[in-house]
$ cat run_14.tsv   # TSV, C-alpha atoms
chain	number	residue	atom	x	y	z
A	1159	MET	CA	-14.07	21.08	8.53
A	1160	THR	CA	-17.34	21.14	6.60
A	1161	THR	CA	-19.24	17.89	5.98
A	1162	PHE	CA	-22.01	17.75	3.43
A	1163	MET	CA	-24.31	14.78	2.75
A	1164	LEU	CA	-25.87	13.96	-0.62
A	1165	THR	CA	-28.40	11.13	-0.85
A	1166	ASP	CA	-29.48	9.43	-4.08
A	1167	THR	CA	-27.20	11.73	-6.05
A	1168	THR	CA	-25.01	11.73	-9.17
A	1169	ALA	CA	-21.32	12.30	-9.89
A	1170	GLY	CA	-22.19	15.59	-11.57
A	1171	LYS	CA	-23.97	16.88	-8.49
A	1172	ILE	CA	-21.06	15.82	-6.29
A	1173	ALA	CA	-18.55	17.70	-8.49
A	1174	ALA	CA	-20.79	20.78	-8.47
A	1175	GLN	CA	-21.10	20.64	-4.68
A	1176	PHE	CA	-17.30	20.47	-4.33
A	1177	THR	CA	-16.99	23.60	-6.48
A	1178	HIS	CA	-19.64	25.37	-4.40
A	1179	LEU	CA	-17.99	24.43	-1.10
A	1180	ARG	CA	-14.56	25.57	-2.29
A	1181	HIS	CA	-15.88	28.97	-3.33
A	1182	GLN	CA	-17.89	29.24	-0.11
A	1183	MET	CA	-14.83	28.52	2.03
A	1184	GLY	CA	-12.33	30.32	-0.17
A	1185	ALA	CA	-10.37	27.10	-0.61
A	1186	PRO	CA	-9.47	26.60	-4.29
A	1187	ALA	CA	-8.51	23.17	-5.61
A	1188	ILE	CA	-4.97	24.29	-6.46
A	1189	GLY	CA	-2.27	22.61	-4.42
A	1190	MET	CA	-3.73	19.12	-4.63
A	1191	VAL	CA	-1.15	16.91	-6.31
A	1192	LEU	CA	-3.10	13.71	-7.00
A	1193	THR	CA	-6.36	11.83	-6.71
A	1194	LEU	CA	-6.32	8.85	-4.36
A	1195	VAL	CA	-9.13	6.36	-4.98
A	1196	VAL	CA	-9.65	4.01	-2.03
A	1197	VAL	CA	-11.75	0.94	-2.86
A	1198	SER	CA	-12.85	-0.43	0.50
A	1199	GLU	CA	-15.34	-2.63	2.24
A	1200	GLU	CA	-17.50	-0.90	4.83
A	1201	ARG	CA	-15.67	-2.66	7.67
A	1202	HIS	CA	-12.29	-1.29	6.53
A	1203	GLN	CA	-13.30	2.20	5.46
A	1204	TYR	CA	-12.74	4.03	8.76
A	1205	ASP	CA	-9.14	2.88	9.21
A	1206	ALA	CA	-8.41	3.22	5.48
A	1207	LEU	CA	-9.74	6.78	5.34
A	1208	ARG	CA	-7.80	7.75	8.44
A	1209	ALA	CA	-4.56	6.38	6.94
A	1210	ALA	CA	-5.26	8.08	3.59
A	1211	THR	CA	-5.98	11.41	5.30
A	1212	GLU	CA	-2.77	11.22	7.33
A	1213	ALA	CA	-0.78	10.41	4.18
A	1214	ALA	CA	-2.44	13.37	2.43
A	1215	ARG	CA	-0.85	15.76	4.92
A	1216	GLU	CA	2.35	15.12	2.99
A	1217	HIS	CA	0.61	14.76	-0.38
A	1218	PRO	CA	-2.52	17.00	-0.53
A	1219	SER	CA	-5.08	14.97	-2.46
A	1220	ARG	CA	-8.66	14.50	-3.43
A	1221	ILE	CA	-9.50	11.27	-1.64
A	1222	ILE	CA	-12.36	9.27	-3.15
A	1223	VAL	CA	-13.50	6.35	-1.02
A	1224	VAL	CA	-15.59	3.80	-2.96
A	1225	ILE	CA	-17.75	1.45	-0.88
A	1226	LYS	CA	-19.83	-1.10	-2.75
A	1227	ARG	CA	-22.96	-1.97	-0.80
A	1228	GLU	CA	-25.88	-4.33	-1.50
A	1229	GLU	CA	-26.10	-5.38	-5.15
A	1230	ASP	CA	-29.75	-6.45	-4.91
A	1231	GLU	CA	-31.04	-3.00	-3.89
A	1232	PRO	CA	-32.32	-0.31	-6.28
A	1233	ILE	CA	-29.61	1.77	-7.96
A	1234	ARG	CA	-28.51	4.57	-5.66
A	1235	LEU	CA	-25.45	6.70	-4.97
A	1236	ASP	CA	-24.93	8.35	-1.58
A	1237	ALA	CA	-22.03	10.68	-0.91
A	1238	GLU	CA	-20.38	12.34	2.08
A	1239	LEU	CA	-18.16	15.34	1.26
A	1240	ARG	CA	-15.55	16.75	3.61
A	1241	ILE	CA	-13.52	19.89	3.06
A	1242	GLY	CA	-11.84	22.32	5.43
A	1243	GLU	CA	-8.74	23.23	7.41
A	1244	ASN	CA	-8.47	19.87	9.15
A	1245	THR	CA	-8.70	17.98	5.87
A	1246	PRO	CA	-5.55	18.11	3.68
A	1247	GLY	CA	-7.39	18.41	0.37
A	1248	GLU	CA	-10.86	17.03	-0.24
A	1249	VAL	CA	-12.61	13.82	0.76
A	1250	VAL	CA	-15.69	12.18	-0.70
A	1251	VAL	CA	-17.05	8.88	0.57
A	1252	LEU	CA	-19.21	7.16	-2.04
A	1253	ARG	CA	-21.65	4.35	-1.25
A	1254	LEU	CA	-22.89	2.50	-4.31
A	1255	TYR	CA	-26.03	0.34	-4.39
A	1256	GLY	CA	-27.58	-2.01	-6.91
A	1257	GLU	CA	-26.16	-2.36	-10.42
A	1258	LEU	CA	-24.07	0.75	-9.80
A	1259	THR	CA	-21.64	-1.46	-7.86
A	1260	GLU	CA	-20.58	-2.97	-11.19
A	1261	HIS	CA	-19.86	0.43	-12.72
A	1262	ALA	CA	-17.88	2.25	-10.03
A	1263	ASP	CA	-15.51	3.68	-12.64
A	1264	SER	CA	-18.36	5.65	-14.25
A	1265	VAL	CA	-18.97	7.34	-10.90
A	1266	VAL	CA	-15.30	7.95	-10.11
A	1267	SER	CA	-14.14	9.25	-13.51
A	1268	PRO	CA	-15.97	12.63	-13.35
A	1269	LEU	CA	-14.52	13.24	-9.88
A	1270	LEU	CA	-10.84	12.83	-10.78
A	1271	LEU	CA	-8.78	15.99	-10.57
A	1272	PRO	CA	-7.79	17.11	-14.08
A	1273	ASP	CA	-4.15	16.84	-15.16
A	1274	THR	CA	-3.00	15.11	-11.96
A	1275	PRO	CA	-1.91	11.50	-11.31
A	1276	VAL	CA	-4.42	8.94	-10.07
A	1277	VAL	CA	-3.52	6.32	-7.45
A	1278	ALA	CA	-5.84	3.42	-6.59
A	1279	TRP	CA	-5.58	1.65	-3.23
A	1280	TRP	CA	-7.32	-1.51	-2.05
A	1281	PRO	CA	-6.74	-1.78	1.74
A	1282	GLY	CA	-8.52	-5.16	1.88
A	1283	ALA	CA	-9.77	-7.44	-0.85
A	1284	ALA	CA	-8.36	-6.51	-4.27
A	1285	PRO	CA	-8.76	-7.73	-7.85
A	1286	ASP	CA	-6.47	-10.54	-9.00
A	1287	VAL	CA	-5.05	-8.29	-11.73
A	1288	PRO	CA	-5.41	-4.67	-10.52
A	1289	SER	CA	-4.34	-3.17	-13.86
A	1290	LYS	CA	-7.32	-4.84	-15.60
A	1291	ASP	CA	-9.84	-3.70	-12.99
A	1292	ALA	CA	-12.11	-0.82	-14.03
A	1293	ILE	CA	-10.84	1.41	-11.21
A	1294	GLY	CA	-7.26	0.19	-11.61
A	1295	ALA	CA	-7.32	1.12	-15.30
A	1296	LEU	CA	-7.87	4.76	-14.30
A	1297	ALA	CA	-4.70	4.83	-12.17
A	1298	GLN	CA	-1.00	5.22	-12.83
A	1299	ARG	CA	-0.20	3.51	-9.53
A	1300	ARG	CA	-2.14	0.62	-7.99
A	1301	ILE	CA	-1.54	-0.25	-4.33
A	1302	THR	CA	-2.74	-3.45	-2.70
A	1303	ASP	CA	-2.08	-4.83	0.78
A	1304	ALA	CA	-1.59	-8.58	1.01
A	1305	LYS	CA	-1.58	-8.33	4.80
A	1306	GLY	CA	-5.18	-7.10	4.69
A	1307	PHE	CA	-6.48	-10.36	3.22
A	1308	ASP	CA	-8.34	-12.90	5.31
A	1309	ASP	CA	-6.20	-15.79	4.00
A	1310	GLY	CA	-3.03	-14.42	5.56
A	1311	GLY	CA	-1.78	-12.72	2.45
A	1312	VAL	CA	0.80	-14.94	0.76
A	1313	LYS	CA	-1.68	-16.69	-1.54
A	1314	SER	CA	-3.15	-13.35	-2.60
A	1315	LEU	CA	0.34	-11.93	-3.12
A	1316	VAL	CA	1.21	-14.84	-5.42
A	1317	ILE	CA	-1.88	-14.21	-7.57
A	1318	ARG	CA	-1.11	-10.52	-7.96
A	1319	ALA	CA	2.60	-11.19	-8.53
A	1320	ARG	CA	1.76	-13.43	-11.48
A	1321	GLY	CA	-0.53	-10.74	-12.91
A	1322	TYR	CA	1.94	-7.92	-12.22
A	1323	ALA	CA	1.85	-4.82	-14.43
A	1324	ARG	CA	4.07	-1.75	-14.25
A	1325	GLY	CA	2.66	0.62	-11.64
A	1326	ASP	CA	1.54	-2.16	-9.29
A	1327	THR	CA	2.86	-2.35	-5.75
A	1328	ASP	CA	1.89	-3.79	-2.38
A	1329	LEU	CA	2.26	-2.46	1.15
A	1330	ALA	CA	3.98	-5.75	1.99
A	1331	TRP	CA	6.88	-4.26	0.01
A	1332	ALA	CA	6.72	-0.85	1.72
A	1333	ARG	CA	6.97	-2.60	5.10
A	1334	LEU	CA	10.38	-3.86	3.99
A	1335	THR	CA	11.97	-0.44	3.41
A	1336	PRO	CA	13.67	-0.25	6.84
A	1337	TRP	CA	14.89	-3.85	6.49
A	1338	ARG	CA	16.24	-3.25	2.99
A	1339	SER	CA	17.94	-0.01	4.02
A	1340	LEU	CA	19.57	-1.66	7.00
A	1341	LEU	CA	20.76	-4.68	5.03
A	1342	ALA	CA	22.12	-2.50	2.23
A	1343	ALA	CA	24.02	-0.38	4.79
A	1344	ALA	CA	25.48	-3.56	6.31
A	1345	PHE	CA	27.28	-4.15	3.02
A	1346	ASP	CA	28.76	-0.64	2.84
A	1347	GLN	CA	31.91	-2.27	4.20
A	1348	PRO	CA	33.38	-5.24	2.34
A	1349	ALA	CA	31.75	-8.42	3.63
A	1350	GLY	CA	32.63	-11.07	1.07
A	1351	LYS	CA	30.32	-13.18	-1.02
A	1352	VAL	CA	27.08	-14.40	0.53
A	1353	ARG	CA	26.70	-18.17	0.16
A	1354	LYS	CA	23.08	-18.52	1.28
A	1355	GLY	CA	20.55	-16.93	3.56
A	1356	VAL	CA	17.28	-17.25	5.42
A	1357	VAL	CA	14.46	-14.85	6.29
A	1358	GLU	CA	12.63	-15.72	9.51
A	1359	ALA	CA	9.02	-14.64	10.02
A	1360	SER	CA	5.68	-15.74	11.42
A	1361	ALA	CA	3.74	-18.20	9.28
A	1362	GLY	CA	2.15	-16.70	6.18
A	1363	HIS	CA	3.68	-13.25	6.56
A	1364	PRO	CA	3.63	-11.87	2.98
A	1365	SER	CA	6.65	-9.59	3.36
A	1366	ALA	CA	8.97	-12.52	4.13
A	1367	PRO	CA	9.02	-14.18	0.68
A	1368	LEU	CA	9.28	-10.73	-0.95
A	1369	LEU	CA	12.35	-9.93	1.14
A	1370	ALA	CA	13.84	-13.33	0.34
A	1371	ALA	CA	13.22	-12.75	-3.38
A	1372	TRP	CA	14.83	-9.30	-3.23
A	1373	LEU	CA	17.90	-10.65	-1.40
A	1374	SER	CA	18.21	-13.55	-3.85
A	1375	GLU	CA	18.00	-11.14	-6.78
A	1376	ARG	CA	20.57	-8.72	-5.35
A	1377	LEU	CA	23.02	-11.22	-3.85
A	1378	GLY	CA	22.84	-13.93	-6.50
A	1379	CYS	CA	22.34	-16.75	-4.03
A	1380	SER	CA	19.54	-18.81	-2.51
A	1381	VAL	CA	17.63	-17.10	0.31
A	1382	LYS	CA	14.85	-19.13	1.85
A	1383	VAL	CA	12.00	-18.39	4.27
A	1384	SER	CA	11.83	-20.06	7.67
A	1385	GLU	CA	8.94	-19.93	10.13
A	1386	SER	CA	9.47	-18.23	13.46
A	1387	ALA	CA	7.29	-17.40	16.45
A	1388	GLY	CA	6.88	-13.85	15.13
A	1389	PRO	CA	5.33	-11.41	15.30
A	1390	GLY	CA	5.96	-10.50	11.66
A	1391	LEU	CA	9.51	-10.47	10.37
A	1392	THR	CA	11.97	-11.44	13.07
A	1393	ALA	CA	15.39	-12.03	11.46
A	1394	VAL	CA	17.56	-12.19	8.37
A	1395	ARG	CA	20.64	-14.44	8.49
A	1396	LEU	CA	23.22	-14.43	5.67
A	1397	GLN	CA	26.06	-16.94	5.56
A	1398	LEU	CA	29.46	-15.49	4.58
A	1399	ALA	CA	32.80	-17.23	4.29
A	1400	GLU	CA	33.89	-15.53	7.54
A	1401	GLY	CA	30.68	-16.25	9.46
A	1402	GLU	CA	27.12	-14.97	9.72
A	1403	LEU	CA	25.78	-11.50	9.06
A	1404	SER	CA	22.42	-11.16	10.78
A	1405	VAL	CA	19.71	-8.67	11.65
A	1406	VAL	CA	17.53	-9.93	14.51
A	1407	ARG	CA	14.55	-7.86	15.63
A	1408	THR	CA	14.43	-7.69	19.42
A	1409	ASP	CA	11.18	-5.70	19.79
A	1410	ALA	CA	8.87	-3.41	17.81
A	1411	ARG	CA	11.50	-0.65	17.67
A	1412	LEU	CA	14.99	-2.17	17.75
A	1413	ALA	CA	17.07	-4.91	16.16
A	1414	THR	CA	20.56	-6.30	16.66
A	1415	LEU	CA	23.01	-6.17	13.76
A	1416	SER	CA	25.80	-8.75	13.89
A	1417	ARG	CA	28.76	-8.92	11.50
A	1418	PRO	CA	31.74	-11.32	11.54
A	1419	GLY	CA	34.65	-9.89	13.47
A	1420	GLN	CA	32.70	-6.88	14.77
A	1421	PRO	CA	30.77	-6.23	17.98
A	1422	ASP	CA	27.00	-6.45	17.85
A	1423	ARG	CA	25.12	-3.17	17.80
A	1424	ASN	CA	21.54	-2.09	18.29
A	1425	VAL	CA	19.86	-0.43	15.32
A	1426	ALA	CA	16.49	1.25	14.83
A	1427	LEU	CA	13.94	-1.01	13.09
A	1428	ALA	CA	10.51	0.25	14.06
A	1429	ARG	CA	7.23	-1.10	12.75
A	1430	ARG	CA	5.36	1.60	10.83
A	1431	GLN	CA	1.72	2.59	10.63
A	1432	THR	CA	-0.29	2.25	7.42
A	1433	SER	CA	-0.35	6.04	6.97
A	1434	GLU	CA	3.47	6.07	6.88
A	1435	LEU	CA	3.52	3.27	4.33
A	1436	MET	CA	1.01	5.11	2.14
A	1437	ALA	CA	2.95	8.37	2.38
A	1438	GLU	CA	6.06	6.51	1.20
A	1439	GLU	CA	4.22	4.95	-1.75
A	1440	LEU	CA	2.76	8.32	-2.80
A	1441	ARG	CA	6.23	9.86	-3.01
A	1442	ARG	CA	6.82	8.06	-6.26
A	1443	LEU	CA	4.24	7.85	-9.01
A	1444	ASP	CA	6.37	6.01	-11.56
A	1445	SER	CA	6.92	2.27	-11.67
A	1446	ASP	CA	9.20	0.78	-8.98
A	1447	GLU	CA	11.77	-1.24	-10.94
A	1448	ILE	CA	13.33	-2.78	-7.82
A	1449	TYR	CA	9.94	-4.05	-6.68
A	1450	GLU	CA	9.26	-5.30	-10.20
A	1451	ALA	CA	12.44	-7.41	-10.20
A	1452	ALA	CA	11.70	-8.78	-6.72
A	1453	VAL	CA	8.04	-9.59	-7.35
A	1454	LYS	CA	8.78	-11.28	-10.68
A	1455	ARG	CA	11.40	-13.46	-9.02
A	1456	PHE	CA	8.92	-14.24	-6.25
A	1457	ALA	CA	6.30	-15.24	-8.84
A	1458	ARG	CA	8.81	-17.55	-10.58
A	1459	THR	CA	10.21	-19.23	-7.52
A	1460	PHE	CA	7.42	-19.38	-4.94
A	1461	LYS	CA	6.26	-22.89	-4.11
A	1462	GLY	CA	3.18	-23.46	-2.03
$ encode --input "run_14.tsv" --output "structure tokens"
Amino acid sequence: MTTFMLTDTTAGKIAAQFTHLRHQMGAPAIGMVLTLVVVSEERHQYDALRAATEAAREHPSRIIVVIKREEDEPIRLDAELRIGENTPGEVVVLRLYGELTEHADSVVSPLLLPDTPVVAWWPGAAPDVPSKDAIGALAQRRITDAKGFDDGGVKSLVIRARGYARGDTDLAWARLTPWRSLLAAAFDQPAGKVRKGVVEASAGHPSAPLLAAWLSERLGCSVKVSESAGPGLTAVRLQLAEGELSVVRTDARLATLSRPGQPDRNVALARRQTSELMAEELRRLDSDEIYEAAVKRFARTFKG
């Protein structure tokens, strides 16, 4: 991998340097399927870039990391470029100083790959309405992560749910994929009408009310959230006429599925790393209609 540093530079010089490095290494830009713009604080950038790079092994990308630094300093743009065999695509880490922090889109726009989708990801703090943010407006998909917020996530998720626009999503939703798949499979056999349900999770876990909203939307009944000792999501319990259908997580890898009239069985329900969540989100670049229905119901019904 080749790393190249540019200090007090411009977007034009960065683009030219990428072209030079590609020709020098014989690594043309073809094969990259999207541009992933990661808007991160300095304290989150290492983990965010690692997750983005791992996800890019499945989706070769130009990864642009935007770090806004001190606003009261003179205007300056520093860049770190990475390209090579160990990097699936291209990476540029941008550090913006001074008034440039208010115009990140003007720096990012010239670096977007032509004729490819753009995805924006905020691994930590994110705008209240991502679609109206300058960076978010450049993207077809906008990914936030309520779990990355200092307030525990649910409050931030509510704000973004009420400002939802098509193309928005949150990693709190991606974390639910194994739960949703397992619960859907549990109804492959006739189970009768669900009367009510409860999702159990640690206090403030943002995925819990999303899962409850999705279940309420799909089952047409009330599904509430109940606090548990955690960690994270611990159980879903659905009341049927014949008894209880439940999924209870026993550790970080397994859960127990119980159905009325059938023996309990252990099922895989592993917690996933951020890179796996990002890879899942990058597989689809259109709007997620199932998430849209769930998040809109969550926005309507959440109380707190």
$ closest_residue --input "run_14.tsv" --among "A:Asp1263, A:Gly1247, A:Thr1392, A:Gly1321" --to "Glu1212 in chain A" --atoms "only C-alpha atoms"
A:Gly1247
$ residues_around --input "run_14.tsv" --residues "Arg1395 in chain A" --least-positions-apart "4" --cutoff "12 Å" --atoms "all atoms listed in the file" --output "VMD selection string"
chain A and resid 1341 1352 to 1359 1369 to 1370 1373 1380 to 1384 1391 1401 to 1407 1414 to 1418
$ closest_residue --input "run_14.tsv" --among "A:Ile1172, A:Val1224, A:Leu1192, A:Ile1301" --to "Arg1240 in chain A" --atoms "all atoms listed in the file"
A:Ile1172
$ atom_distance --input "run_14.tsv" --atom1 "CA of Glu1228 in chain A" --atom2 "CA of Ala1292 in chain A"
18.9 Å
$ residues_around --input "run_14.tsv" --residues "Thr1259 in chain A" --least-positions-apart "2" --cutoff "9 Å" --atoms "only C-alpha atoms" --output "MDAnalysis selection string"
chainID A and resid 1225:1229 1233 1253:1257 1261:1262
